[in-house]
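Data first, discussion second: the structure below is written as structure tokens.
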Amino acid sequence: MAKTLYDKLWENHLVRQEDDGTALIYIDRHLVHEVTSPQAFEGLRMANRKAWRIESVVATADHNTPTDGWEKAEGTACIDDEISRLQVDTLDKNIRANGALAYFPFKDVRQGIVHVVGPEQGATLPGMTVVCGDSHTSTHGAFAALAFGIGTSEVEHVLATQTLVSKKSKSMLIRVEGPLGKGVGAKDIVLAIIGKIGTAGGTGYAIEFAGSAIRGLSMEGRMTICNMAIEAGARAGMVAVDDTTINYVRGRPFAPKGSGSGSDWDKAVAYWRTLHTDEGAQFDKVVELDARAITPQVTWGTSPEMVIGIKDMIPDPAKEQDPVKREGMERALAYMGLNPNTPIAGVPVDKVFIGSCTNSRIEDLRQAAAIVRGRSVAANVKLALVVPGSGLVKRQAEEEGLDKIFKAAGFEWREPGCSMCLGMNADRLSPGERCASTSNRNFEGRQGPMGRTHLVSPIMAAAAAVAGRFVDVREVL
Amino acid sequence: MDKFVVLDGLVAPLDRANVDTDAIIPKQFLKSINRSGFGPFAFDEWRYMDVGQPGQDCTNRPLNPQFSLNQPQFKGASVLLTRQNFGCGSSREHAPWALLDYGFRAIIAESFADIFFNNCFKNGILPIVLPTQVVDKLFSETLATPGYRLIVDLPNQVVRTPGGEAIPFDVDAFRKECLINGWDDIGLTLRHADAIHAYEERRRHEQPWLFAK
């Protein structure tokens, strides 16, 4: 029978299944960060249980880590916030006590956002199940892995049993066909998808992204797409294996080794080549988008589904029939300080954030730098931040001179971490501040209490920094 | 985990769709390494007029009178009534921890986000999905009737209204059993340790690269 990619990944990890569909699925890779793991390690300790296969764990600190002032003091002593420091130190203590396949502590050059680090190290491989106590674990689905976020109780469950109790999701195919216009990229595609199906459109589904526009993306672009599957409500998003996938993985530190028949690498590649949806396989739902119709996207509200093209007008709640939705729109407009039926282009910004697990990889930084080169951050912009996704991304960018371009324009060039995507460290918005952000959530208070977030692509954020307001990046390319 | 069998609880309304877990428990409280103490900070940005800090004593903080849960008639509520896509966004289990610590044991909504829904069951909270027209009716009754209570009967899978109506709901059989018995599912899974070992051995042979160190 013809199978979807999701069918194959699911069946390959099935340890056992009850008649009602409740299944035990095996977890290959467990990514761990400091925020959602302390209570899980504590639970394990309290129950006197040992980790089942600690070599499945790859750990790093990312959410609480400061992005500047690293030189002030040794190790974590430079973290001013005591509670943040304790959480980072607790991860350190837990990993040192329990072990891990790999641990990239604070200030290690390989440290960074866990969803940037995993793929970069080859710790995320096609065909794996990948979990993390973090909803953006869907990122790793770009490698044809079954990857999804879990809560802390499940983190403990995976530590103790190497499995999760789960039921198979429904399957959705999102096909994006056609060439992308100039200035339109992966972030615009995924925002357009969320705008079309809504933030709950993917609830209960595992999404496969396909079509020529997806195939044409680099692995980094595919990660951007899968990263935001959760913003459409789907715990998992995925893309089939092709040459792009295999070429990305080859030679990375934790990728399979060897060459020639019989080597781990060749065996792995032979298996990976099977990780695609078979001809004729059925999905529970199919959504199609025309890539040519996608323009640079900007969110206007407090949910990622509240998104429009840069040339569009901010929508009018009065035209919405559903009363709950209408009220949500009215509240969002009041929170964002925007008026309906006015253009989003031209709205001034106070801060610009280029970073997060959605858009902090080297290609994101290259594209943003290309817009910024030879220009300056506008006078009304109080802070423009670039936060690379990992120490290795930062080093690569510096070797290419991107840091100089950003700094010359007036951007701050920071150390890696989650930073202002959620503002657990010192990087955040003040009340009322408006931010052009390459992150993934524009919820009320997400980047700081009463802060106003507009989600955009890296080049749209760069263009907003230079203009001091939202502009159509296609006009400055 | 505390058992959940039958709950007779006061109902509090939160009439918003797409309530995200950032709203349920803002980021600054995620720095805690404990599972408890989040209740006073549940819905912090909506509930208080100032910005809360972890470890703060909340007794004298200025309350937002507009926020429904602050209204005196909903004090002590254990059933939360809300709208579609409740608990979307971040996977933070601090969200159900905060709701539980606040006193909620059951949440009724038109729909829930997947990860949050799952996290509730791990903490003895019962999330109940009901159709929009039923939720609408429960909202009007809650707002019209001071002291409005519902009886959530998990073994029989019904919500009983003061008017004597019995509203049926669906719940996964395995999750229901875990809630009713207060079972820790790690213990349950470890009963299948042999099956996990057998699976692992097979994979180690078929896909050795997954086990390389």
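Residue names in the structure tokens use chain letters A, B, ... in the order shown, residue numbers from 1 in each chain, and ligand numbers from 1 in the order shown.
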Q) Got a sec: who's within 9 Å of Thr244 (chain A), counting only C-alpha atoms, leaving out chain neighbours fewer than 5 positions off, as JSON, numbers by chain? A) {"A": [215, 217, 218, 219, 249]}
Written selection (all heavy atoms) as a PDB file, in the first residue's frame:
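Resulting contents of result.pdb:
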ATOM      1  N   ARG A 215      10.724  22.225  -2.615  1.00  0.00           N
ATOM      2  CA  ARG A 215      11.894  21.498  -3.137  1.00  0.00           C
ATOM      3  C   ARG A 215      13.025  22.459  -3.480  1.00  0.00           C
ATOM      4  O   ARG A 215      14.199  22.139  -3.338  1.00  0.00           O
ATOM      5  CB  ARG A 215      11.531  20.740  -4.431  1.00  0.00           C
ATOM      6  CG  ARG A 215      10.546  19.614  -4.291  1.00  0.00           C
ATOM      7  CD  ARG A 215      11.255  18.253  -4.373  1.00  0.00           C
ATOM      8  NE  ARG A 215      12.011  18.005  -3.159  1.00  0.00           N
ATOM      9  CZ  ARG A 215      11.484  17.489  -2.046  1.00  0.00           C
ATOM     10  NH1 ARG A 215      10.236  17.140  -1.997  1.00  0.00           N
ATOM     11  NH2 ARG A 215      12.235  17.313  -0.981  1.00  0.00           N
ATOM     12  N   LEU A 217      13.864  25.092  -1.962  1.00  0.00           N
ATOM     13  CA  LEU A 217      14.486  25.752  -0.806  1.00  0.00           C
ATOM     14  C   LEU A 217      15.719  24.992  -0.342  1.00  0.00           C
ATOM     15  O   LEU A 217      15.808  23.773  -0.479  1.00  0.00           O
ATOM     16  CB  LEU A 217      13.489  25.822   0.360  1.00  0.00           C
ATOM     17  CG  LEU A 217      12.253  26.698   0.187  1.00  0.00           C
ATOM     18  CD1 LEU A 217      11.308  26.496   1.379  1.00  0.00           C
ATOM     19  CD2 LEU A 217      12.637  28.173   0.071  1.00  0.00           C
ATOM     20  N   SER A 218      16.637  25.723   0.272  1.00  0.00           N
ATOM     21  CA  SER A 218      17.789  25.098   0.936  1.00  0.00           C
ATOM     22  C   SER A 218      17.289  24.414   2.208  1.00  0.00           C
ATOM     23  O   SER A 218      16.137  24.593   2.614  1.00  0.00           O
ATOM     24  CB  SER A 218      18.795  26.181   1.316  1.00  0.00           C
ATOM     25  OG  SER A 218      18.220  27.001   2.341  1.00  0.00           O
ATOM     26  N   MET A 219      18.162  23.660   2.883  1.00  0.00           N
ATOM     27  CA  MET A 219      17.769  23.046   4.165  1.00  0.00           C
ATOM     28  C   MET A 219      17.403  24.119   5.180  1.00  0.00           C
ATOM     29  O   MET A 219      16.503  23.932   5.990  1.00  0.00           O
ATOM     30  CB  MET A 219      18.901  22.167   4.714  1.00  0.00           C
ATOM     31  CG  MET A 219      19.056  20.841   4.003  1.00  0.00           C
ATOM     32  SD  MET A 219      17.505  19.950   3.714  1.00  0.00           S
ATOM     33  CE  MET A 219      17.016  19.562   5.382  1.00  0.00           C
ATOM     34  N   VAL A 249      23.706  17.019   5.235  1.00  0.00           N
ATOM     35  CA  VAL A 249      24.078  16.172   6.381  1.00  0.00           C
ATOM     36  C   VAL A 249      25.528  15.668   6.271  1.00  0.00           C
ATOM     37  O   VAL A 249      26.231  15.552   7.277  1.00  0.00           O
ATOM     38  CB  VAL A 249      23.100  14.976   6.503  1.00  0.00           C
ATOM     39  CG1 VAL A 249      23.568  13.994   7.571  1.00  0.00           C
ATOM     40  CG2 VAL A 249      21.682  15.468   6.818  1.00  0.00           C
TER      41      VAL A 249
END
Q. Quick one: which residues from chain A are at most 7 Å off chain B, using only C-alpha atoms, as a PyMOL selection string?
A. chain A and resi 15+35-36+38-39+83-84+87+101+133-135+149-153+157+161+200+203-204+231+233+256+264+324+422+424+446
Q: Fewer than 6 positions away in the same chain doesn't count, so skip those; otherwise give me all residues within 12 Å of Glu120 (chain A), counting only C-alpha atoms, as a list in words.
A: Arg110, Gln111, Gly112, Ile113, Val114, His140, Phe143, Met219, Glu220, Met223, Tyr248, Val249, Arg250, Gly251, Arg252, Pro253, Phe254, Ala255, Arg361, Ile362, Gly389, Ser390, Gly391, Leu392 and Val393 of chain A
File dump, residues just selected, N, CA, C and O atoms, as an mmCIF file, in the first residue's frame:
data_model
loop_
_atom_site.group_PDB
_atom_site.id
_atom_site.type_symbol
_atom_site.label_atom_id
_atom_site.label_comp_id
_atom_site.auth_asym_id
_atom_site.auth_seq_id
_atom_site.Cartn_x
_atom_site.Cartn_y
_atom_site.Cartn_z
ATOM 1 N N ARG A 110 30.188 25.900 20.083
ATOM 2 C CA ARG A 110 29.103 25.150 19.432
ATOM 3 C C ARG A 110 27.746 25.377 20.102
ATOM 4 O O ARG A 110 26.738 24.828 19.687
ATOM 5 N N GLN A 111 27.741 26.162 21.187
ATOM 6 C CA GLN A 111 26.482 26.450 21.905
ATOM 7 C C GLN A 111 25.599 27.350 21.043
ATOM 8 O O GLN A 111 26.094 28.086 20.186
ATOM 9 N N GLY A 112 24.304 27.271 21.280
ATOM 10 C CA GLY A 112 23.385 28.132 20.543
ATOM 11 C C GLY A 112 21.973 27.639 20.729
ATOM 12 O O GLY A 112 21.698 26.834 21.628
ATOM 13 N N ILE A 113 21.082 28.118 19.875
ATOM 14 C CA ILE A 113 19.680 27.704 19.953
ATOM 15 C C ILE A 113 19.615 26.220 19.585
ATOM 16 O O ILE A 113 20.158 25.808 18.552
ATOM 17 N N VAL A 114 18.963 25.444 20.420
ATOM 18 C CA VAL A 114 18.991 23.991 20.269
ATOM 19 C C VAL A 114 18.534 23.553 18.868
ATOM 20 O O VAL A 114 19.069 22.597 18.315
ATOM 21 N N HIS A 140 13.039 20.287 12.986
ATOM 22 C CA HIS A 140 13.876 19.170 12.543
ATOM 23 C C HIS A 140 13.178 18.280 11.521
ATOM 24 O O HIS A 140 13.807 17.411 10.915
ATOM 25 N N PHE A 143 14.316 17.536 7.860
ATOM 26 C CA PHE A 143 15.200 16.430 7.487
ATOM 27 C C PHE A 143 14.424 15.122 7.270
ATOM 28 O O PHE A 143 15.012 14.047 7.328
ATOM 29 N N MET A 219 18.162 23.660 2.883
ATOM 30 C CA MET A 219 17.769 23.046 4.165
ATOM 31 C C MET A 219 17.403 24.119 5.180
ATOM 32 O O MET A 219 16.503 23.932 5.990
ATOM 33 N N GLU A 220 18.109 25.241 5.135
ATOM 34 C CA GLU A 220 17.808 26.302 6.095
ATOM 35 C C GLU A 220 16.408 26.867 5.865
ATOM 36 O O GLU A 220 15.667 27.121 6.805
ATOM 37 N N MET A 223 13.929 24.422 7.127
ATOM 38 C CA MET A 223 13.838 24.475 8.593
ATOM 39 C C MET A 223 12.944 25.636 9.031
ATOM 40 O O MET A 223 12.167 25.508 9.972
ATOM 41 N N TYR A 248 23.464 18.281 2.763
ATOM 42 C CA TYR A 248 23.588 19.089 3.989
ATOM 43 C C TYR A 248 24.170 18.246 5.124
ATOM 44 O O TYR A 248 25.024 18.702 5.886
ATOM 45 N N VAL A 249 23.706 17.019 5.235
ATOM 46 C CA VAL A 249 24.078 16.172 6.381
ATOM 47 C C VAL A 249 25.528 15.668 6.271
ATOM 48 O O VAL A 249 26.231 15.552 7.277
ATOM 49 N N ARG A 250 25.964 15.416 5.038
ATOM 50 C CA ARG A 250 27.276 14.794 4.816
ATOM 51 C C ARG A 250 28.409 15.550 5.527
ATOM 52 O O ARG A 250 28.501 16.771 5.418
ATOM 53 N N GLY A 251 29.198 14.781 6.289
ATOM 54 C CA GLY A 251 30.397 15.350 6.905
ATOM 55 C C GLY A 251 30.190 16.078 8.222
ATOM 56 O O GLY A 251 31.144 16.573 8.814
ATOM 57 N N ARG A 252 28.960 16.167 8.674
ATOM 58 C CA ARG A 252 28.745 16.868 9.954
ATOM 59 C C ARG A 252 29.202 15.969 11.109
ATOM 60 O O ARG A 252 29.210 14.742 10.989
ATOM 61 N N PRO A 253 29.591 16.589 12.258
ATOM 62 C CA PRO A 253 30.235 15.816 13.329
ATOM 63 C C PRO A 253 29.502 14.536 13.749
ATOM 64 O O PRO A 253 30.140 13.518 13.962
ATOM 65 N N PHE A 254 28.174 14.554 13.856
ATOM 66 C CA PHE A 254 27.459 13.367 14.330
ATOM 67 C C PHE A 254 26.757 12.604 13.204
ATOM 68 O O PHE A 254 25.937 11.727 13.456
ATOM 69 N N ALA A 255 27.068 12.957 11.960
ATOM 70 C CA ALA A 255 26.487 12.232 10.826
ATOM 71 C C ALA A 255 27.152 10.858 10.724
ATOM 72 O O ALA A 255 28.266 10.675 11.216
ATOM 73 N N ARG A 361 20.105 31.552 10.985
ATOM 74 C CA ARG A 361 21.152 30.746 10.368
ATOM 75 C C ARG A 361 21.930 31.599 9.370
ATOM 76 O O ARG A 361 21.539 32.715 9.054
ATOM 77 N N ILE A 362 23.024 31.022 8.859
ATOM 78 C CA ILE A 362 23.955 31.830 8.067
ATOM 79 C C ILE A 362 23.291 32.457 6.837
ATOM 80 O O ILE A 362 23.545 33.613 6.506
ATOM 81 N N GLY A 389 22.331 32.244 15.469
ATOM 82 C CA GLY A 389 21.707 31.084 16.099
ATOM 83 C C GLY A 389 22.645 30.214 16.906
ATOM 84 O O GLY A 389 22.215 29.485 17.794
ATOM 85 N N SER A 390 23.932 30.269 16.590
ATOM 86 C CA SER A 390 24.902 29.466 17.345
ATOM 87 C C SER A 390 26.256 30.154 17.266
ATOM 88 O O SER A 390 26.467 31.053 16.428
ATOM 89 N N GLY A 391 27.183 29.684 18.088
ATOM 90 C CA GLY A 391 28.537 30.218 18.062
ATOM 91 C C GLY A 391 29.196 29.962 16.714
ATOM 92 O O GLY A 391 29.985 30.779 16.231
ATOM 93 N N LEU A 392 28.837 28.812 16.098
ATOM 94 C CA LEU A 392 29.436 28.487 14.802
ATOM 95 C C LEU A 392 28.865 29.355 13.686
ATOM 96 O O LEU A 392 29.590 29.743 12.767
ATOM 97 N N VAL A 393 27.566 29.674 13.776
ATOM 98 C CA VAL A 393 26.976 30.600 12.798
ATOM 99 C C VAL A 393 27.661 31.964 12.941
ATOM 100 O O VAL A 393 28.025 32.608 11.945
#
Q.
Among region 21-108 of chain B, which residues does DSSP mark as helix (DSSP H, G or I) when it is run on the backbone? Keep the chain and numbering as in the structure and answer as an NGL selection string.
A. :B and (21-24 or 27-31 or 39-41 or 44-47 or 68-70 or 72-74 or 94-102)
Q. Taking into account only C-alpha atoms, which residue in the set A:Arg414, A:Lys50, A:Ala100, A:Ala345 is nearest to Trp70 (chain A)?
A. A:Arg414
(Q) Which residues are near Gln367 (chain A)? Cut-off 12 Å, only C-alpha atoms, ignore same chain within fewer than 5 positions. Put them as an MDAnalysis selection string. (A) chainID A and resid 183:185 221 354 359:362 372:373 397 402 405:406 457:463 473 477
(Q) Quick one: residues within 8 Å of Gly124 (chain B), only C-alpha atoms, excluding same-chain residues fewer than 6 positions away - as a PyMOL selection string? (A) chain B and resi 1-4+105+179+182
Q. Which neighbours of Phe470 (chain A) fall inside 12 Å, counting only C-alpha atoms, when residues of the same chain fewer than 5 positions from it are skipped, and could you give them as number ranges by chain?
A. A: 296-300, 309-312, 343-352, 378, 381, 434-437, 454-457, 459-465, 475-476
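Running DSSP on the backbone gives strand (DSSP E) for these residues within region 235-436 of chain A: Ala236, Gly237, Met238, Lys285, Val286, Val287, Glu288, Leu289, Asp290, Gln297, Val298, Thr299, Val307, Ile308, Gly309, Lys351, Val352, Phe353, Ile354, Leu383, Ala384, Leu385, Val386, Glu412, Trp413, Arg434, Cys435 and Ala436 of chain A.
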Could you dump the residues just selected with C-alpha atoms as an mmCIF file, in the first residue's frame?
data_model
loop_
_atom_site.group_PDB
_atom_site.id
_atom_site.type_symbol
_atom_site.label_atom_id
_atom_site.label_comp_id
_atom_site.auth_asym_id
_atom_site.auth_seq_id
_atom_site.Cartn_x
_atom_site.Cartn_y
_atom_site.Cartn_z
ATOM 1 C CA ALA A 236 5.083 18.134 13.430
ATOM 2 C CA GLY A 237 5.941 19.415 9.960
ATOM 3 C CA MET A 238 8.181 17.570 7.525
ATOM 4 C CA LYS A 285 -6.348 16.859 3.985
ATOM 5 C CA VAL A 286 -4.610 18.623 1.099
ATOM 6 C CA VAL A 287 -3.956 22.372 0.909
ATOM 7 C CA GLU A 288 -2.499 24.034 -2.171
ATOM 8 C CA LEU A 289 -0.795 27.396 -2.508
ATOM 9 C CA ASP A 290 0.422 29.194 -5.592
ATOM 10 C CA GLN A 297 4.428 39.052 4.571
ATOM 11 C CA VAL A 298 3.978 41.124 7.756
ATOM 12 C CA THR A 299 1.808 40.206 10.741
ATOM 13 C CA VAL A 307 -0.874 38.321 8.550
ATOM 14 C CA ILE A 308 -1.030 40.306 5.313
ATOM 15 C CA GLY A 309 1.173 41.184 2.361
ATOM 16 C CA LYS A 351 13.272 47.961 17.430
ATOM 17 C CA VAL A 352 14.440 45.322 14.985
ATOM 18 C CA PHE A 353 15.327 41.752 15.933
ATOM 19 C CA ILE A 354 17.086 39.401 13.550
ATOM 20 C CA LEU A 383 17.823 49.157 18.831
ATOM 21 C CA ALA A 384 18.576 46.839 15.949
ATOM 22 C CA LEU A 385 19.880 43.463 17.071
ATOM 23 C CA VAL A 386 21.447 40.600 15.203
ATOM 24 C CA GLU A 412 24.371 45.432 17.525
ATOM 25 C CA TRP A 413 26.149 42.153 16.837
ATOM 26 C CA ARG A 434 7.001 48.131 18.054
ATOM 27 C CA CYS A 435 9.381 45.545 16.680
ATOM 28 C CA ALA A 436 10.103 44.104 13.248
#
